[in-house]
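Following: one structure in structure tokens, then a few remarks.
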Amino acid sequence: MTTQLSGLTTNPLREGLRLERTPKPTILTIFGASGDLTVRKLIPALYDLARDRRLPPEFTIVGFARRAYSHDEFRALMKEGVAKYSRSKLGNLWESFSRGIYYFQGDLESLDSYKELSEFLSKLDGERGTLGNRAFYLATAPSYFKPIIENLGAADLAGDVRTTRAVIEKPFGRDLETAQGLNKVVQKVFQEKQVYRIDHYLGKETVQNVLVFRFANAIFEPLWNHRYIDHVQITVSETVGVENRAPYYDEAGGALRDMIQNHLMQLLALTAMEPPAAFEADTVRDEKVKVLRATQLARQDGVYQAVRAQYTDGWIGGEPVPAYSLEPRVTPDAKTASYIAAKFWIRNWRWEGVPFYLRTAKRLPKRVSEISLQFKDIPHQMFPGTSASQVSPNLLVMRIQPNEGISLRFEAKRPVADVAIRSVNMDFRYGSTFEVASPEAYERLLLDCLLGDQTLFTRADEVEAAWKIVTPLIEQWEVRGINDLLFYEAGSWGPSAASKLMESGRQWRRL
Amino acid sequence: MTENASVIALAEPQKVQISQIDKQLNRIWISQTDGTATRASTFNFLIYEREGPEASQIPEAIAEIAIQHPCRAIVLSATEQAPEGGLEALVAAYCPISGGGNPESICCEYITLRAKGEALKDLHTTVASLLLPELETFLWWKGPLTDQIGLFTNLQGIVDRTIVDSALFEAPEQGLERYAAFALNPDRIASFGDLNWARLTPWREETALAFDSEERRACLGGIDRVIIEYGQEAGKVANPSQAYLFLGWLASRLGWQPLSAHTKKELTKQIILRDADQRPIQATVQAVETSPAQSGQLISVGLRSEELGAACSTVLCSADSPSCLRVQMNVGEANISQVSDLDTLTTEQLLTEAMRSLDRDPIFEESLAVIRDLLRLK
């Protein structure tokens, strides 16, 4: 018997619920499943999504790695990860969720492994009702990206836009040339619509709020340009050292590739981009590409305006910490920069003459990520007296972490007889305004990928545009071998040379 | 000074004459000379209740709301202790205590009006004079709809949103019918909510999830058997409101109309619905004996298609424990089961959710319309 409901394209029971759609039943294969990212981030994020009823019950995970694990051993490892790192902790759901987790032992560089994987996934389709929908997550060292993608293609696992997606972790390439090379490899196997290059910063609620703040409020956008803004500072500071990432960090060459080219460039793009016509993947990414193409390193007397440095021993949080060179697994005499500060110009109508200062480092006194826009000084000082003349410029700060929120500094009259002026802050804090806990960045990004929404993922041309901006520094420091590496004490705000990037009375913010 | 876990009182409740309420509140605020408590209101919050042992819980419920939104709370207390032929007013001010244990600086005003008889019925005029102007007014009707219907009706003229809890209805079918008459009145200005509807959210989400995939979505058109079980505490009146709300939701989403209803045996209702193609669907709503905690709550939902070639079935049940939901889905050979955790929201959390918006919820209203049609089938 047929009914009017037999040809439904959407689920009528979804109407009016928090989430208007859920992903199709899919098998997510994670390459590099024995690594930290899988245990600490990916599986806990997927568990939290399932806990929030955002994944279909058929959702299946296959961990692919070289080590010999049984399904149950792998599940036990993942259970530890969920217990430790998920938002919701272990609950009744674990039993049925873990039944959808499988392990596949294979060699990332062997085509045979991929052919066997293909058979295994087909078998799971029948058992789990996943209907041939696939997502492949490359959570391996970057050197494996190329063989994985080529082998997926050769094993006929690339599918099409409707059924198959590939998620690629950062870093995407080591420089412009390798990024272009990797893009060619990817695009030979997958269509761009199937590719999800992850920069987990874009999954943070507060980063997405930069767009909402700018484009859902009428009062700020008229001021958001060179006529009113003096300069912009973007800071991502960490208190942690290189931890157990030294081999990767040394190979990457430190903070330039690890942070500036991706996370900080994304923050810059969101801060400086033109309003997109709609909040859609390509419209948003088109604008980001445009602004990145207009961005360039500042140069003075033929020298690029950037400072790099490495931490020496010092104190963090009342504890002594070793110098970078003495951290475990660090390459002896590595010239790796754990601190980068650089000045950029955006050569377009909106931002001409407004410097963008970017800095990021490990072992700074505080863990802070923020974007601050300092407005220009008032054109004329009308209030008499010394205290009145010390008027501070207005400052808008978007805090990414911690204490996520937005604050606006403005001047106010102190309640005394004379005209005495003092800076005050107007604060909005996510934590106290919205009681709902923000989902982890990986939850949002994994869900978007499974739903086929590429808005928060980096497109091929965007990655290349970001590499192009930092290429002069790579050439200066690595190709021409200019040794200008400075040192800073762990727990300090970095080398004093960074302040020379500032001019006209500007200063790095004391956070 | 009165205190509980989440509020601290700035002054003990004091009896005052109605005309002195605002003056007394002003006195309380003026007495806070250290400036740590700030008077603020973002809406008017009316709470109707029958005064009883649970009446003391009101400040805590308000505190939960006030932590996010400062308000002027006016409690309309139906009590035989009220003075003959008149009413009694008490005023106080409370500051919610934040998670850190410190009183918030933004504090709530709290007015209690105790009345009975005609004075209670006509309380709306007194309430209207106490509302802060230009602010939205919410009414939380914390009781059944069988008594004080006059006051309920009169209050509709001064409130923007009315929230009931159909789990508290003492004559549930009659209460739902009355409530539907208000909430679906074409001339209504205010919007309506039901905490029992909010409790259904995880069940609705889980049911929707069971039919998200293309293959299982096709089963929706073949469902011809629905069995809904709800909890009943031994010796107490059964309250099928939540079960009806679920059936109303399912029917309204799938385009089913109730055709006939009869009581098969005590506490089991057999309902025949038909879809847009005139295909019959048999629904059973039945009570099962449970603990007091699960009384009135959904216990299980079974959705089946018994047509040849459409062997689909989905069972959702909370039988394992009140805090989890087991979903069992069969489509042909494939068999998927999942156990999910159910978040049990407190009344205060449900209330906060129901007060997030003044907008009407069309899905709720459509569900209620099916229940109204169903209850009209005698």
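We label chains A, B, ... in the order they appear in the structure tokens, count residues from 1 in each chain, and number ligands from 1 in the order shown.
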* **Within 12 Å of Gln282 (chain B) using only C-alpha atoms, minus same-chain residues under 6 positions, as a VMD selection string** => chain B and resid 223 to 228 247 251 256 to 262 269 to 275 302 to 306
* **Near-region 176-192 of chain B list (6 Å; only C-alpha atoms; drop same-chain fewer than 3 positions) as a list in words** =>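 Contacts, with the query itself left out: Asp160, Arg161, Thr162, Ile163, Pro172, Glu173, Arg360 and Arg372 of chain B.
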* Interface list for chain B, partner chain A, 6 Å threshold, only C-alpha atoms, as an MDAnalysis selection string -> chainID B and resid 208 212 218 221 253 338:341
Can you spit out the residues from that selection as a PDB file, in the first residue's frame, using N, CA and C atoms?
ATOM      1  N   ALA B 208      12.380  10.896  16.214  1.00  0.00           N
ATOM      2  CA  ALA B 208      12.782  11.484  14.926  1.00  0.00           C
ATOM      3  C   ALA B 208      14.063  10.831  14.431  1.00  0.00           C
ATOM      4  N   ASP B 212      15.338   9.070  10.629  1.00  0.00           N
ATOM      5  CA  ASP B 212      16.113  10.014   9.827  1.00  0.00           C
ATOM      6  C   ASP B 212      16.642   9.388   8.538  1.00  0.00           C
ATOM      7  N   ALA B 218      11.012   5.699   5.007  1.00  0.00           N
ATOM      8  CA  ALA B 218       9.971   5.092   4.179  1.00  0.00           C
ATOM      9  C   ALA B 218       8.971   4.319   5.041  1.00  0.00           C
ATOM     10  N   GLY B 221       5.344   5.950   6.410  1.00  0.00           N
ATOM     11  CA  GLY B 221       4.086   5.857   5.672  1.00  0.00           C
ATOM     12  C   GLY B 221       3.369   4.540   5.890  1.00  0.00           C
ATOM     13  N   ARG B 253       2.256  15.292  12.881  1.00  0.00           N
ATOM     14  CA  ARG B 253       3.394  15.277  11.949  1.00  0.00           C
ATOM     15  C   ARG B 253       3.125  14.372  10.755  1.00  0.00           C
ATOM     16  N   GLN B 338      19.820   0.898  20.419  1.00  0.00           N
ATOM     17  CA  GLN B 338      20.666   1.911  21.060  1.00  0.00           C
ATOM     18  C   GLN B 338      20.064   2.312  22.392  1.00  0.00           C
ATOM     19  N   VAL B 339      20.931   2.474  23.361  1.00  0.00           N
ATOM     20  CA  VAL B 339      20.461   2.976  24.655  1.00  0.00           C
ATOM     21  C   VAL B 339      21.025   4.381  24.844  1.00  0.00           C
ATOM     22  N   SER B 340      20.165   5.335  25.065  1.00  0.00           N
ATOM     23  CA  SER B 340      20.626   6.722  25.247  1.00  0.00           C
ATOM     24  C   SER B 340      20.303   7.192  26.651  1.00  0.00           C
ATOM     25  N   ASP B 341      21.067   8.150  27.085  1.00  0.00           N
ATOM     26  CA  ASP B 341      20.783   8.741  28.389  1.00  0.00           C
ATOM     27  C   ASP B 341      19.687   9.792  28.240  1.00  0.00           C
TER      28      ASP B 341
END
* **DSSP-assigned strand (DSSP E or B) members of region 134-230 of chain B, reported as a list in words** =>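 Going through region 134-230 of chain B, the strand (DSSP E or B) residues come out as Glu136, Thr137, Phe138, Leu139, Trp140, Trp141, Lys142, Arg161, Thr162, Ile163, Val164, Ser191, Phe192, Gly193, Asp194, Arg225, Val226, Ile227, Ile228, Glu229 and Tyr230 of chain B.
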* Identify, on the basis of only C-alpha atoms, every residue whose closest approach to Leu345 (chain B) does not exceed 12 Å; exclude the query and any residue fewer than 5 positions from it along the same chain; express the result as a list in words. =>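 My list of contacting residues is Leu195, Asn196, Ala198, Arg199, Leu200, Thr201, Pro202, Ser323, Leu350, Leu351, Thr352 and Glu353 of chain B.
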* To do: Work out how far CA of His263 (chain A) is from CA of Tyr430 (chain A), in Å to one decimal.
  =>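 Here the two named atoms are 21.2 Å from each other.
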List the spatial neighbours of Gln300 (chain A) as a PDB file with N, CA and C atoms, in the first residue's frame - criterion: any atom at most 12 Å away, only C-alpha atoms, same-chain residues fewer than 3 positions off excluded.
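Writing done, so here's part11.pdb:
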ATOM      1  N   LEU A 297      53.071  40.657   4.236  1.00  0.00           N
ATOM      2  CA  LEU A 297      53.970  41.007   5.337  1.00  0.00           C
ATOM      3  C   LEU A 297      54.489  42.425   5.161  1.00  0.00           C
ATOM      4  N   VAL A 303      63.643  44.529   4.795  1.00  0.00           N
ATOM      5  CA  VAL A 303      63.566  43.443   5.779  1.00  0.00           C
ATOM      6  C   VAL A 303      62.104  43.234   6.174  1.00  0.00           C
ATOM      7  N   TYR A 304      61.668  41.985   6.178  1.00  0.00           N
ATOM      8  CA  TYR A 304      60.297  41.690   6.589  1.00  0.00           C
ATOM      9  C   TYR A 304      60.142  41.930   8.080  1.00  0.00           C
ATOM     10  N   GLN A 305      59.016  42.510   8.453  1.00  0.00           N
ATOM     11  CA  GLN A 305      58.772  42.923   9.835  1.00  0.00           C
ATOM     12  C   GLN A 305      58.245  41.757  10.667  1.00  0.00           C
ATOM     13  N   ALA A 306      59.171  40.939  11.123  1.00  0.00           N
ATOM     14  CA  ALA A 306      58.780  39.783  11.938  1.00  0.00           C
ATOM     15  C   ALA A 306      59.907  39.460  12.908  1.00  0.00           C
ATOM     16  N   LYS A 343      54.167  41.834  11.497  1.00  0.00           N
ATOM     17  CA  LYS A 343      53.266  42.929  11.123  1.00  0.00           C
ATOM     18  C   LYS A 343      52.809  42.720   9.675  1.00  0.00           C
ATOM     19  N   PHE A 344      51.521  42.886   9.447  1.00  0.00           N
ATOM     20  CA  PHE A 344      50.964  42.660   8.116  1.00  0.00           C
ATOM     21  C   PHE A 344      50.174  43.886   7.664  1.00  0.00           C
ATOM     22  N   LYS A 500      59.586  46.592  18.694  1.00  0.00           N
ATOM     23  CA  LYS A 500      60.060  47.474  17.610  1.00  0.00           C
ATOM     24  C   LYS A 500      59.193  47.359  16.359  1.00  0.00           C
ATOM     25  N   LEU A 501      58.357  46.280  16.324  1.00  0.00           N
ATOM     26  CA  LEU A 501      57.439  46.172  15.186  1.00  0.00           C
ATOM     27  C   LEU A 501      56.362  47.247  15.268  1.00  0.00           C
TER      28      LEU A 501
END
* Mind pulling up the distance from CA of Arg409 (chain A) to CA of Gln390 (chain A)? ->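 These atoms are spaced 14.3 Å apart.
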* Contacts of region 142-151 of chain A at 8 Å (only C-alpha atoms; same-chain gap of 4+ positions) as a ChimeraX atom specification -> /A:108-111,114,138,155,168,170-173,182,185-186,189
Selected residues, N, CA and C atoms, written as a CSV table (one decimal), in the first residue's frame, please.
chain,number,residue,atom,x,y,z
A,108,LEU,N,49.4,2.1,6.1
A,108,LEU,CA,49.0,3.3,5.4
A,108,LEU,C,49.5,3.4,3.9
A,109,GLU,N,50.6,2.7,3.7
A,109,GLU,CA,51.3,2.9,2.4
A,109,GLU,C,51.1,1.6,1.5
A,110,SER,N,50.3,0.7,1.9
A,110,SER,CA,50.1,-0.5,1.1
A,110,SER,C,48.7,-0.5,0.5
A,111,LEU,N,48.6,-0.6,-0.8
A,111,LEU,CA,47.3,-0.6,-1.5
A,111,LEU,C,46.5,-1.8,-1.1
A,114,TYR,N,44.1,-1.1,1.7
A,114,TYR,CA,43.0,-0.3,1.3
A,114,TYR,C,41.9,-1.2,0.6
A,138,LEU,N,41.9,11.9,7.9
A,138,LEU,CA,43.3,11.7,7.9
A,138,LEU,C,43.9,12.4,9.2
A,155,ALA,N,42.1,2.3,-4.6
A,155,ALA,CA,41.2,1.2,-4.1
A,155,ALA,C,39.8,1.5,-4.4
A,168,ILE,N,40.9,16.4,6.1
A,168,ILE,CA,42.4,16.4,6.2
A,168,ILE,C,42.8,17.4,7.3
A,170,LYS,N,45.4,19.7,9.7
A,170,LYS,CA,46.5,20.6,9.4
A,170,LYS,C,47.8,19.9,9.9
A,171,PRO,N,48.9,20.2,9.4
A,171,PRO,CA,49.2,21.3,8.4
A,171,PRO,C,49.0,20.8,7.0
A,172,PHE,N,48.4,21.6,6.2
A,172,PHE,CA,48.2,21.2,4.8
A,172,PHE,C,49.4,21.8,4.0
A,173,GLY,N,50.4,21.0,3.9
A,173,GLY,CA,51.7,21.4,3.2
A,173,GLY,C,52.7,22.0,4.2
A,182,LEU,N,50.1,19.1,-2.8
A,182,LEU,CA,49.1,18.2,-2.1
A,182,LEU,C,47.7,18.5,-2.6
A,185,VAL,N,47.3,16.4,-5.6
A,185,VAL,CA,47.0,15.0,-5.3
A,185,VAL,C,45.6,14.8,-4.9
A,186,VAL,N,45.1,15.6,-4.0
A,186,VAL,CA,43.8,15.5,-3.4
A,186,VAL,C,42.7,15.6,-4.6
A,189,VAL,N,42.0,12.8,-6.9
A,189,VAL,CA,41.2,11.7,-6.4
A,189,VAL,C,39.8,12.1,-6.0
Set the distance at 10 Å and use only C-alpha atoms: which residues neighbour Ala158 (chain A) once local chain neighbours fewer than 3 positions away are removed? I'd like the list as a tab-separated table (two decimals) with C-alpha atoms, in the first residue's frame.
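Heads up, here's the output in selection-v6.tsv:
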chain	number	residue	atom	x	y	z
A	134	ARG	CA	31.81	7.06	3.90
A	135	ALA	CA	33.98	9.67	5.55
A	136	PHE	CA	37.75	9.29	5.74
A	149	ILE	CA	44.74	9.82	-0.64
A	150	GLU	CA	46.38	8.05	-3.57
A	151	ASN	CA	45.58	4.63	-2.12
A	152	LEU	CA	41.95	5.61	-1.45
A	153	GLY	CA	41.72	6.54	-5.11
A	154	ALA	CA	43.46	3.38	-6.30
A	155	ALA	CA	41.24	1.18	-4.12
A	161	VAL	CA	30.07	14.04	-3.49
A	163	THR	CA	28.45	9.44	-0.55
A	164	THR	CA	32.07	10.15	0.36
A	165	ARG	CA	34.04	12.84	2.20
A	166	ALA	CA	37.69	13.24	3.12
A	189	VAL	CA	41.16	11.66	-6.35
A	190	PHE	CA	38.39	13.77	-4.80
A	191	GLN	CA	36.27	16.66	-6.00
A	194	GLN	CA	34.30	16.20	-0.97
* Can you list, as a PyMOL selection string, every residue of region 49-138 of chain A that DSSP puts in alpha helix (DSSP H)? -> chain A and resi 49-51+71-85+93-99+111-128
Just-selected residues, N, CA and C atoms written as a CSV table (one decimal), in the first residue's frame:
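For reference, part17.csv as written:
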chain,number,residue,atom,x,y,z
A,49,LEU,N,28.4,14.0,20.4
A,49,LEU,CA,27.4,14.2,19.4
A,49,LEU,C,26.3,13.1,19.5
A,50,ALA,N,26.7,11.9,19.7
A,50,ALA,CA,25.7,10.8,19.9
A,50,ALA,C,24.9,11.1,21.1
A,51,ARG,N,25.5,11.5,22.2
A,51,ARG,CA,24.8,11.8,23.4
A,51,ARG,C,23.8,12.8,23.2
A,71,HIS,N,39.1,-5.6,18.0
A,71,HIS,CA,38.0,-4.6,18.1
A,71,HIS,C,37.8,-4.2,19.5
A,72,ASP,N,37.8,-5.2,20.4
A,72,ASP,CA,37.5,-4.9,21.8
A,72,ASP,C,38.6,-4.2,22.5
A,73,GLU,N,39.9,-4.5,22.1
A,73,GLU,CA,41.0,-3.7,22.7
A,73,GLU,C,40.9,-2.2,22.3
A,74,PHE,N,40.6,-2.1,21.0
A,74,PHE,CA,40.5,-0.7,20.5
A,74,PHE,C,39.3,0.0,21.2
A,75,ARG,N,38.2,-0.7,21.4
A,75,ARG,CA,37.1,-0.1,22.1
A,75,ARG,C,37.5,0.3,23.5
A,76,ALA,N,38.2,-0.5,24.1
A,76,ALA,CA,38.6,-0.3,25.5
A,76,ALA,C,39.5,1.0,25.6
A,77,LEU,N,40.4,1.2,24.6
A,77,LEU,CA,41.2,2.4,24.6
A,77,LEU,C,40.3,3.6,24.3
A,78,MET,N,39.4,3.5,23.5
A,78,MET,CA,38.5,4.6,23.2
A,78,MET,C,37.6,5.0,24.4
A,79,LYS,N,37.3,3.9,25.1
A,79,LYS,CA,36.4,4.1,26.3
A,79,LYS,C,37.2,5.0,27.3
A,80,GLU,N,38.5,4.7,27.4
A,80,GLU,CA,39.3,5.6,28.3
A,80,GLU,C,39.3,7.0,27.9
A,81,GLY,N,39.4,7.2,26.6
A,81,GLY,CA,39.4,8.6,26.0
A,81,GLY,C,38.1,9.3,26.3
A,82,VAL,N,37.0,8.6,26.1
A,82,VAL,CA,35.7,9.2,26.3
A,82,VAL,C,35.5,9.5,27.8
A,83,ALA,N,35.9,8.6,28.7
A,83,ALA,CA,35.8,8.8,30.1
A,83,ALA,C,36.6,10.0,30.5
A,84,LYS,N,37.7,10.3,29.9
A,84,LYS,CA,38.6,11.3,30.3
A,84,LYS,C,38.3,12.7,29.6
A,85,TYR,N,37.9,12.6,28.4
A,85,TYR,CA,37.9,13.9,27.6
A,85,TYR,C,36.5,14.3,27.1
A,93,LEU,N,24.8,5.2,27.1
A,93,LEU,CA,25.0,5.2,25.7
A,93,LEU,C,26.2,4.4,25.3
A,94,TRP,N,27.2,4.3,26.1
A,94,TRP,CA,28.5,3.8,25.7
A,94,TRP,C,28.4,2.4,25.1
A,95,GLU,N,27.5,1.5,25.7
A,95,GLU,CA,27.4,0.2,25.2
A,95,GLU,C,27.0,0.1,23.8
A,96,SER,N,25.9,0.8,23.4
A,96,SER,CA,25.5,0.7,22.0
A,96,SER,C,26.4,1.5,21.1
A,97,PHE,N,27.0,2.6,21.6
A,97,PHE,CA,27.9,3.4,20.8
A,97,PHE,C,29.2,2.6,20.5
A,98,SER,N,29.7,1.9,21.5
A,98,SER,CA,30.9,1.1,21.3
A,98,SER,C,30.7,-0.1,20.3
A,99,ARG,N,29.5,-0.5,20.2
A,99,ARG,CA,29.2,-1.6,19.3
A,99,ARG,C,29.4,-1.2,17.8
A,111,LEU,N,48.6,-0.6,-0.8
A,111,LEU,CA,47.3,-0.6,-1.5
A,111,LEU,C,46.5,-1.8,-1.1
A,112,ASP,N,47.1,-2.9,-0.8
A,112,ASP,CA,46.4,-4.1,-0.4
A,112,ASP,C,45.5,-3.8,0.9
A,113,SER,N,46.1,-3.1,1.8
A,113,SER,CA,45.4,-2.7,3.0
A,113,SER,C,44.1,-2.0,2.7
A,114,TYR,N,44.1,-1.1,1.7
A,114,TYR,CA,43.0,-0.3,1.3
A,114,TYR,C,41.9,-1.2,0.6
A,115,LYS,N,42.4,-2.2,-0.2
A,115,LYS,CA,41.5,-3.1,-0.8
A,115,LYS,C,40.7,-3.9,0.2
A,116,GLU,N,41.5,-4.4,1.2
A,116,GLU,CA,40.9,-5.1,2.3
A,116,GLU,C,39.9,-4.2,3.1
A,117,LEU,N,40.3,-3.0,3.3
A,117,LEU,CA,39.5,-2.0,4.0
A,117,LEU,C,38.1,-1.9,3.3
A,118,SER,N,38.3,-1.8,1.9
A,118,SER,CA,37.1,-1.6,1.1
A,118,SER,C,36.1,-2.8,1.3
A,119,GLU,N,36.6,-4.0,1.4
A,119,GLU,CA,35.8,-5.2,1.6
A,119,GLU,C,35.1,-5.1,3.0
A,120,PHE,N,36.0,-4.7,4.0
A,120,PHE,CA,35.5,-4.6,5.4
A,120,PHE,C,34.4,-3.6,5.5
A,121,LEU,N,34.5,-2.5,4.8
A,121,LEU,CA,33.5,-1.4,4.9
A,121,LEU,C,32.2,-1.9,4.2
A,122,SER,N,32.3,-2.6,3.1
A,122,SER,CA,31.1,-3.1,2.4
A,122,SER,C,30.4,-4.1,3.4
A,123,LYS,N,31.2,-4.9,4.1
A,123,LYS,CA,30.6,-5.9,5.0
A,123,LYS,C,29.8,-5.1,6.1
A,124,LEU,N,30.5,-4.1,6.6
A,124,LEU,CA,29.8,-3.3,7.7
A,124,LEU,C,28.5,-2.6,7.2
A,125,ASP,N,28.6,-2.2,5.9
A,125,ASP,CA,27.3,-1.6,5.3
A,125,ASP,C,26.1,-2.5,5.5
A,126,GLY,N,26.3,-3.8,5.3
A,126,GLY,CA,25.2,-4.7,5.4
A,126,GLY,C,24.8,-4.9,6.9
A,127,GLU,N,25.8,-5.0,7.7
A,127,GLU,CA,25.5,-5.2,9.2
A,127,GLU,C,24.9,-4.0,9.8
A,128,ARG,N,25.4,-2.8,9.4
A,128,ARG,CA,25.1,-1.6,10.2
A,128,ARG,C,24.1,-0.7,9.5
* To do: Could you give me, as a PyMOL selection string, the residues within 9 Å of region 132-144 of chain B, counting only C-alpha atoms and dropping anything in the same chain fewer than 3 positions from it?
  => chain B and resi 41-50+72+128-129+147-148+152+155-156+158-172+175+351+355+358
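Restricting the calculation to only C-alpha atoms, the smallest distance between Asn183 (chain A) and any of A:Ala281, A:Ala298, A:Val195, A:Ala361 is found for A:Val195.
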* **Length of the CA of Arg66 (chain A) to CA of Phe31 (chain A) vector [Å]** => 9.5 Å
